[in-house]
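Here the structure comes first, spelled out in structure tokens, and everything after it is commentary.
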Amino acid sequence: MKPYVYLARPVPPEVEDYISQHCSYKKWEGAEPITRKELLEQLGEAQGLLITGEKIDDELLDHAPNLKAVSNISVGYNNFDLEAMQKRNIIGTNTPDVLNETVADLGVALMLSAARRIPELDKLVKEGKWENKDDGPLFGVDMHGKTLGIIGMGRIGEAIGRRAKFGFNMNILYHNRNRKMDTEKALDATFVTQEELLQESDFVLLMVPFTQETKHLMGREQFSQMKKSAIFINTSRGQTVDEDSLIEALQNNVIFAAGLDVFEQEPVSPDNPLLQLSNVVTLPHIGSATHQTRFEMAKLAAENLVAAVNGEEPSAVVPELKGILK
Ligand SMILES: NC(=O)c1ccc[n+]([C@@H]2O[C@H](COP(=O)([O-])OP(=O)(O)OC[C@H]3O[C@@H](n4cnc5c(N)ncnc54)[C@H](O)[C@@H]3O)[C@@H](O)[C@H]2O)c1
Ligand SMILES: O=C(O)[C@H](O)CO
């Protein structure tokens with residue numbers, strides 16, 4: 001008998017077809033995303049679960065007595081309560097690598113947009129406010145030849161570093177849990193303390209996972225260490241930044257500008273003061289959101305799910321849960 005899995009998120013037809021060849025399944029068919037309550041009601045028989053970011057904790061696992069594996073259609077897995085999963089031997093998988101280049105493209109787009117004030121000036125032109133006089137007030141700052149500091153030199157951090165080095169001739173500083181000698185050589189990058197990075201960089205880009213350790217990694221003290229002319233980019237998770245401190249830094253010209261794909265609360269509240277600031281470029285958490293990459297992510301997540309519920313080793317088990325396979 002085929003194992004039974006529940007798909008809480010839609011996947012492309014080809015991916016669903018692949019799942020159907022290896023598993024029996026049900027899927028969420030609502031027009032709105034599945035609610036927590038609806039999800040809990042679906043889990044009684046499920047041996048596998050496909051999600052994007054839904055919280056996997058004791059309460060959910062108590063509703064899923066047959067569950068063996070949870071497959072996340074995302075590389076970040078801060079939605080996994082790893083302890084709750086470990087104690088029940090639940091395999092957890094994610095989608096690394098297939099999205100690196102797409103997220104890196106977006107990181108660079110945010111850097112350029114904030115530096116050259118693209119959304120602000122686009123709005124000005126469309127509102128008919130383009131005047132043929134000294135354009136000083138519209139000037140931005142250069143990206144080429146400047147210093148980029150990357151906090152979190154992992155798979156995506158490195159892909160951004162490559163673009164910055166070889167596309168924009170930037171000088172690369174980085175701070176990471178550990179030094180990466182190959183990356184240093186490839187990008188002529190320099191490992192520095194976080195404080196040095198903040199003090200010396202013209203662009204500071206955050207690309208760490210959200211963990212207990214990285215919660216509010218950027219706060220008032222860290223923003224005050226940055227140059228007044230510096231641009232801050234967050235493509236990691238909203239919770240890595242103390243948003244109140246960021247707002248304060250942007251309102252008081254402690255830093256020049258910010259580019260944000262992620263927020264402490266998502267979707268961001270329309271009342272969030274960040275949305276009123278002309279020196280902030282905002283995006284709705286779309287780092288990996290191209291048709292091609294979202295397809296590759298769904299495909300990898302389906303392969304992980306099918307392997308796990310059929311007793312095979314999925315290619316992308318998250319590091320903290322690898323022990324469960326032994
Ligand atoms: N905006 C988006 O749409 C989007 C898309 C993909 C990934 N992400 C986020 O980006 C994160 C990184 O993805 P990745 O694939 O590059 O992961 P990765 O594991 O390859 O890289 C993360 C790096 O951060 C470093 N790190 C961890 N804690 C740190 C700390 N306290 N200080 C300094 N460095 C630290 C790690 O050593 C690692 O090198 C994901 O976990 C996810 O949250 C966001
Ligand atoms: O972590 C990821 O893969 C992205 O943030 C999409 O959720």
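In the structure tokens, the first chain shown is A, the next is B, and so on; residue numbers restart at 1 for each chain, and ligands run from 1 in the order shown.
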Please provide as an mmCIF file with C-alpha atoms, in the first residue's frame all residues within 9 Å of Leu7 in chain A, with the sequence filter that same-chain residues fewer than 5 positions apart are discarded (counting only C-alpha atoms).
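Result file follows (selection_6.cif):
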```cif
data_model
loop_
_atom_site.group_PDB
_atom_site.id
_atom_site.type_symbol
_atom_site.label_atom_id
_atom_site.label_comp_id
_atom_site.auth_asym_id
_atom_site.auth_seq_id
_atom_site.Cartn_x
_atom_site.Cartn_y
_atom_site.Cartn_z
ATOM 1 C CA TYR A 25 -2.590 11.868 -0.938
ATOM 2 C CA LYS A 26 -5.053 14.606 -0.188
ATOM 3 C CA LYS A 27 -4.444 18.296 -0.741
ATOM 4 C CA TRP A 28 -5.759 21.568 0.616
ATOM 5 C CA GLY A 48 4.011 12.772 5.379
ATOM 6 C CA LEU A 49 3.215 16.482 5.261
ATOM 7 C CA LEU A 50 4.149 19.111 2.667
ATOM 8 C CA ILE A 51 4.141 22.718 3.885
#
```
### Message
Which residues are near ligand 1 in this structure, taking near to mean any atom at most 6 Å from a ligand atom and counting only C-alpha atoms and all ligand atoms? Format them as an MDAnalysis selection string.
### Response
chainID A and resid 75:76 96 103 151:157 175:178 207:210 213:214 235:237 261 285:288
### Message
Calculated over only C-alpha atoms and all ligand atoms, which of the candidates A:Asp142, A:Glu32, A:Glu41, A:Glu266 has the smallest distance to ligand 2?
### Response
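Smallest distance to ligand 2 is found for A:Glu266.
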### Query
Nearest to ligand 2: which of A:Gln239, A:Ser201, A:Asn94, A:Gln212 is it, counting only C-alpha atoms and all ligand atoms?
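Going through A:Gln239, A:Ser201, A:Asn94, A:Gln212 one by one, the smallest distance to ligand 2 is for A:Asn94.
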### Message
Residues near range 119-128 of chain A, anyone? I mean within 10 Å using only C-alpha atoms, not counting same-chain ones fewer than 6 positions away, as a list of chain:residue names.
### Response
A:Ser113, A:Leu138, A:Phe139, A:Leu277, A:Ser278, A:Asn279, A:Val280, A:Val281, A:Thr282
Write out the residues from the selection above, keeping C-alpha atoms, as a PDB file, in the first residue's frame.
```pdb
ATOM      1  CA  SER A 113      17.144  49.982  -5.784  1.00  0.00           C
ATOM      2  CA  LEU A 138      17.439  62.992  -6.864  1.00  0.00           C
ATOM      3  CA  PHE A 139      21.031  61.789  -6.659  1.00  0.00           C
ATOM      4  CA  LEU A 277       9.815  56.181   4.682  1.00  0.00           C
ATOM      5  CA  SER A 278      11.108  57.210   1.255  1.00  0.00           C
ATOM      6  CA  ASN A 279      14.568  55.781   2.044  1.00  0.00           C
ATOM      7  CA  VAL A 280      13.215  52.231   2.411  1.00  0.00           C
ATOM      8  CA  VAL A 281      12.586  49.806  -0.444  1.00  0.00           C
ATOM      9  CA  THR A 282      10.105  47.099   0.526  1.00  0.00           C
TER      10      THR A 282
END
```
### Task
Find the residues near range 308-319 of chain A: any atom within 8 Å, counting only C-alpha atoms, skip ones fewer than 2 places away on the same chain, and give them as a VMD selection string.
chain A and resid 3 47 to 48 68 to 69 91 to 96 303 to 306 321 to 322 325
### Message
Run DSSP on the backbone and tell me which residues of range 195-318 of chain A come out as helix (DSSP H, G or I); list them as a VMD selection string.
### Response
chain A and resid 195 to 200 220 to 225 238 to 240 243 to 251 273 to 276 291 to 309
Generate a file of the selected residues that holds C-alpha atoms, formatted as a PDB file, in the first residue's frame.
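Everything below was put into result_2.pdb:
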```
ATOM      1  CA  GLU A 195      31.625  45.231  14.617  1.00  0.00           C
ATOM      2  CA  GLU A 196      34.388  45.785  12.059  1.00  0.00           C
ATOM      3  CA  LEU A 197      32.022  44.798   9.277  1.00  0.00           C
ATOM      4  CA  LEU A 198      29.384  47.284  10.424  1.00  0.00           C
ATOM      5  CA  GLN A 199      31.919  50.095  10.780  1.00  0.00           C
ATOM      6  CA  GLU A 200      33.618  49.606   7.415  1.00  0.00           C
ATOM      7  CA  ARG A 220      20.093  50.011  17.963  1.00  0.00           C
ATOM      8  CA  GLU A 221      23.734  49.418  18.920  1.00  0.00           C
ATOM      9  CA  GLN A 222      24.522  47.679  15.617  1.00  0.00           C
ATOM     10  CA  PHE A 223      22.853  50.354  13.456  1.00  0.00           C
ATOM     11  CA  SER A 224      24.771  53.037  15.334  1.00  0.00           C
ATOM     12  CA  GLN A 225      28.022  51.275  14.393  1.00  0.00           C
ATOM     13  CA  GLY A 238      12.369  39.680   9.655  1.00  0.00           C
ATOM     14  CA  GLN A 239      13.056  38.518  13.196  1.00  0.00           C
ATOM     15  CA  THR A 240      16.827  38.887  12.763  1.00  0.00           C
ATOM     16  CA  GLU A 243      12.471  46.662  13.534  1.00  0.00           C
ATOM     17  CA  ASP A 244      11.871  49.517  15.999  1.00  0.00           C
ATOM     18  CA  SER A 245      15.614  50.222  16.033  1.00  0.00           C
ATOM     19  CA  LEU A 246      15.769  50.068  12.250  1.00  0.00           C
ATOM     20  CA  ILE A 247      12.899  52.565  11.957  1.00  0.00           C
ATOM     21  CA  GLU A 248      14.642  54.878  14.413  1.00  0.00           C
ATOM     22  CA  ALA A 249      17.933  54.590  12.485  1.00  0.00           C
ATOM     23  CA  LEU A 250      16.243  55.413   9.176  1.00  0.00           C
ATOM     24  CA  GLN A 251      14.149  58.274  10.564  1.00  0.00           C
ATOM     25  CA  PRO A 273       6.201  53.186   9.853  1.00  0.00           C
ATOM     26  CA  LEU A 274       8.723  51.587   7.477  1.00  0.00           C
ATOM     27  CA  LEU A 275       6.138  51.913   4.733  1.00  0.00           C
ATOM     28  CA  GLN A 276       6.060  55.697   5.140  1.00  0.00           C
ATOM     29  CA  HIS A 291       8.290  30.600 -11.766  1.00  0.00           C
ATOM     30  CA  GLN A 292      11.343  28.473 -12.499  1.00  0.00           C
ATOM     31  CA  THR A 293      12.802  28.499  -9.004  1.00  0.00           C
ATOM     32  CA  ARG A 294       9.484  27.948  -7.228  1.00  0.00           C
ATOM     33  CA  PHE A 295       8.984  24.947  -9.520  1.00  0.00           C
ATOM     34  CA  GLU A 296      12.418  23.571  -8.608  1.00  0.00           C
ATOM     35  CA  MET A 297      11.688  24.105  -4.905  1.00  0.00           C
ATOM     36  CA  ALA A 298       8.341  22.281  -5.104  1.00  0.00           C
ATOM     37  CA  LYS A 299       9.981  19.434  -7.047  1.00  0.00           C
ATOM     38  CA  LEU A 300      12.787  19.025  -4.515  1.00  0.00           C
ATOM     39  CA  ALA A 301      10.321  19.196  -1.611  1.00  0.00           C
ATOM     40  CA  ALA A 302       8.186  16.476  -3.261  1.00  0.00           C
ATOM     41  CA  GLU A 303      11.248  14.271  -3.806  1.00  0.00           C
ATOM     42  CA  ASN A 304      12.229  14.731  -0.163  1.00  0.00           C
ATOM     43  CA  LEU A 305       8.704  13.818   0.978  1.00  0.00           C
ATOM     44  CA  VAL A 306       8.379  10.736  -1.249  1.00  0.00           C
ATOM     45  CA  ALA A 307      11.804   9.432  -0.203  1.00  0.00           C
ATOM     46  CA  ALA A 308      11.169   9.952   3.516  1.00  0.00           C
ATOM     47  CA  VAL A 309       7.764   8.228   3.654  1.00  0.00           C
TER      48      VAL A 309
END
```
### Query
What does the distance from CA of Asn89 in chain A to CA of Leu60 in chain A come to in Å, to one decimal?
14.3 Å
If we count only C-alpha atoms, what is near Pro267 in chain A at a cut-off of 10 Å, once residues fewer than 4 positions away on the same chain are taken out, given as a short mmCIF file (atom, residue, chain, number, x, y, z; two decimals) with N, CA and C atoms, in the first residue's frame?
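Output saved as around_8.cif:
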```cif
data_model
loop_
_atom_site.label_atom_id
_atom_site.label_comp_id
_atom_site.auth_asym_id
_atom_site.auth_seq_id
_atom_site.Cartn_x
_atom_site.Cartn_y
_atom_site.Cartn_z
N VAL A 262 11.94 41.13 3.96
CA VAL A 262 11.32 40.39 5.08
C VAL A 262 11.04 41.33 6.25
N PHE A 263 10.05 40.97 7.06
CA PHE A 263 9.57 41.83 8.15
C PHE A 263 9.29 40.98 9.39
N PRO A 284 7.49 42.01 -0.72
CA PRO A 284 6.67 41.08 0.07
C PRO A 284 7.28 39.67 0.16
N HIS A 285 8.48 39.54 0.70
CA HIS A 285 9.15 38.24 0.89
C HIS A 285 9.10 37.42 -0.41
#
```
### Task
Report the distance between CA of Asp271 in chain A and CA of Asn252 in chain A in Å, rounded to one decimal place.
19.1 Å
### Query
Looking only at the backbone, which of the residues in range 77-243 of chain A does DSSP tag as strand (DSSP E or B), as a PyMOL selection string?
chain A and resi 80+91-93+147-151+171-175+190-191+203-206+218+231-234+241
